[in-house]
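S.K.: Before we start, here is the structure in question, set down as structure tokens.
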Amino acid sequence: MDLSGHNLSAKRIVSMSELSVADIDLILDTAKAMKGISEREVKKAPTLRGRTVINCFMEPSTRTRTSFEISGKRLSADVINISGSGSSLTKGESIKDMMENLEAMKPDLLVIRSAHSGVPLQVAGWIDCPIVSAGDGRNEHPTQSLLDLMTIKETKGKLSGLNISIIGDILNSRVARSNLTAMKTVGCNVTVCGPATLLPRKIEKFADQVTTCRETAVKDADVIMTLRIQRERIGQAKFPSLREYSKHFGLNLKVMEKARKDVLLLHPGPINRGVEISPEVADGPWSSILEQVTNGVAVRMAILYLMTGGVRQN
Ligand code: CP
């Protein structure tokens, strides 16, 4: 693949607000081409031979961490994985010192996940190595948003003009935050829905519609994205019980009867079956939840390729 002449405007991907429509199109077009590599018998291309990617995950992850590692390996990069608990952070080293030390080993890209909002942006101010956020606190999860957009575009054939409803814990969701920005950039009409206690203040500035009624959010949606309750980020009870939450905001077969027949159902994972989504809906005909995971590899391959220079000139 030769994309010489096509470059991302950004040297870092820490927020969807820093990506233009052209950047998003370039990443999604590149991801479409990259997806083919994962469908080959030999899932490997020499494209990033000689490049080094360090994945630094200071918060648990299954999908994002594994897919960044697979992406680098499928493109023949040298991939190093570090977890917070296995690093010298546990001995009192600061994140700044840690990142400066990692940069001293001359990686071509650092992928960072943190439980604290703003860490990837802060690191980008400390070191010159390109940074990609793999999710930071409640703040942003840009590569998740890009794989969501890829899945929507693949299924619906377009992004602009679609009605998207995001249902759940909007307050604590970095996925909602990145998607609200990205979906606005590409021209979607976005409704957010959740209990009033899980909707951020001034949310109406960022969403086209805000509702606390699940049925209103479901009706007329081209795409429904349901979100997990971020129990690790909720300090005190925001609703009476998970059972009560599920009764009013969970997606079950009865609720899905009110949706369009061709509605696309997404969930960033991990899913809590029986809470925000019933097993019948998660595994039902509307669901592209596992396709999102497949597309996560393609999008991250595209990002590694575009961020580390793509085709080598020498
Ligand atoms: N969607 C997502 O970020 O999942 P992980 O936490 O498993 O990476």
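All residue names refer to the structure tokens as shown: chains lettered A, B, ... in order, residues numbered from 1 in each chain, ligands numbered from 1 in order.
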Could you give me, as JSON, numbers by chain, the residues within 10 Å of A:Thr64, counting only C-alpha atoms and dropping anything in the same chain fewer than 4 positions from it?
M.R.: {"A": [57, 60, 68, 69, 70, 113, 134, 135, 141, 143, 144, 293, 296, 297, 300]}
S.K.: Taking only C-alpha atoms and all ligand atoms into account, list the residues no farther than 6 Å from ligand 1, as a ChimeraX atom specification.
M.R.: /A:61-65,268-270
S.K.: Would you write out, as a Markdown table, a table of all residues in stretch 167-219 of chain A that have an atom no more than 10 Å from an atom of stretch 276-279 of chain A, listing for each the closest atom pair and the distance in Å to one decimal, considering only C-alpha atoms and ordering rows by chain and rising residue number?
M.R.:
```
| residue | atom | partner | partner_atom | distance |
| --- | --- | --- | --- | --- |
| A:Ile167 | CA | A:Glu276 | CA | 8.7 |
| A:Gly168 | CA | A:Glu276 | CA | 7.3 |
| A:Asp169 | CA | A:Glu276 | CA | 9.5 |
```
S.K.: Write out, as a compact mmCIF listing (two decimals), in the first residue's frame, the residues just selected, with N, CA and C atoms.
M.R.:
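Everything below was put into again22.txt:
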```txt
# COMPACT_ATOMS: atom_id res chain seq x y z
N ILE A 167 -26.79 5.49 24.79
CA ILE A 167 -27.61 5.26 25.99
C ILE A 167 -26.75 4.69 27.12
N GLY A 168 -26.82 5.31 28.31
CA GLY A 168 -26.13 4.73 29.45
C GLY A 168 -25.46 5.76 30.32
N ASP A 169 -24.30 5.37 30.84
CA ASP A 169 -23.54 6.21 31.77
C ASP A 169 -22.71 7.22 30.97
```
S.K.: Might you pull out every residue within 10 Å of A:Tyr245, with only C-alpha atoms counted and same-chain residues fewer than 6 positions away left off, and present them as a PyMOL selection string?
M.R.: chain A and resi 168+194-195+229+238-239+275-276
S.K.: Determine, counting only C-alpha atoms, which protein, DNA and RNA residues have an atom within 12 Å of an atom of stretch 263-267 of chain A; residues of the same chain fewer than 3 positions away are not included. Present the result as a VMD selection string.
M.R.: chain A and resid 144 to 145 147 to 156 162 to 168 173 175 to 176 218 to 229 251 to 252 256 to 260 270 to 273 276 to 277 281 to 293
S.K.: Which one of A:Cys56, A:Gly86, A:Val111, A:Met307 sits closest to A:Val132 if you count only C-alpha atoms?
M.R.: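 Among the listed residues, A:Val111 lies closest to A:Val132.
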S.K.: Calculate how many Å separate atom CA of A:Arg174 from atom CA of A:Ala196, rounding to one decimal.
M.R.: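 Interatomic distance here is 17.7 Å.
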S.K.: Atom CA of A:Arg51 to atom CA of A:Ser178: how many Å, to one decimal?
M.R.: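 We find that atom CA of A:Arg51 and atom CA of A:Ser178 lie 28.0 Å from each other.
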S.K.: What's around A:Thr191 at 6 Å? Count only C-alpha atoms, leave out sequence neighbours fewer than 2 positions away in its own chain, and write the answer as a list in words.
M.R.: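 The residues that qualify are Ser165, Ala207, Asp208, Gln209 and Val210 of chain A.
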S.K.: Residues as selected, N, CA and C atoms, written as an mmCIF file, in the first residue's frame, can you do that?
M.R.:
```cif
data_model
loop_
_atom_site.group_PDB
_atom_site.id
_atom_site.type_symbol
_atom_site.label_atom_id
_atom_site.label_comp_id
_atom_site.auth_asym_id
_atom_site.auth_seq_id
_atom_site.Cartn_x
_atom_site.Cartn_y
_atom_site.Cartn_z
ATOM 1 N N SER A 165 -28.067 7.187 18.710
ATOM 2 C CA SER A 165 -28.458 7.331 20.118
ATOM 3 C C SER A 165 -27.449 6.624 21.011
ATOM 4 N N ALA A 207 -24.613 17.473 22.637
ATOM 5 C CA ALA A 207 -25.500 16.521 21.953
ATOM 6 C C ALA A 207 -26.624 17.286 21.267
ATOM 7 N N ASP A 208 -27.172 16.715 20.191
ATOM 8 C CA ASP A 208 -28.284 17.379 19.490
ATOM 9 C C ASP A 208 -29.584 17.233 20.276
ATOM 10 N N GLN A 209 -29.771 16.070 20.915
ATOM 11 C CA GLN A 209 -30.940 15.841 21.767
ATOM 12 C C GLN A 209 -30.481 15.165 23.051
ATOM 13 N N VAL A 210 -31.163 15.488 24.144
ATOM 14 C CA VAL A 210 -30.885 14.857 25.440
ATOM 15 C C VAL A 210 -32.213 14.350 25.987
#
```
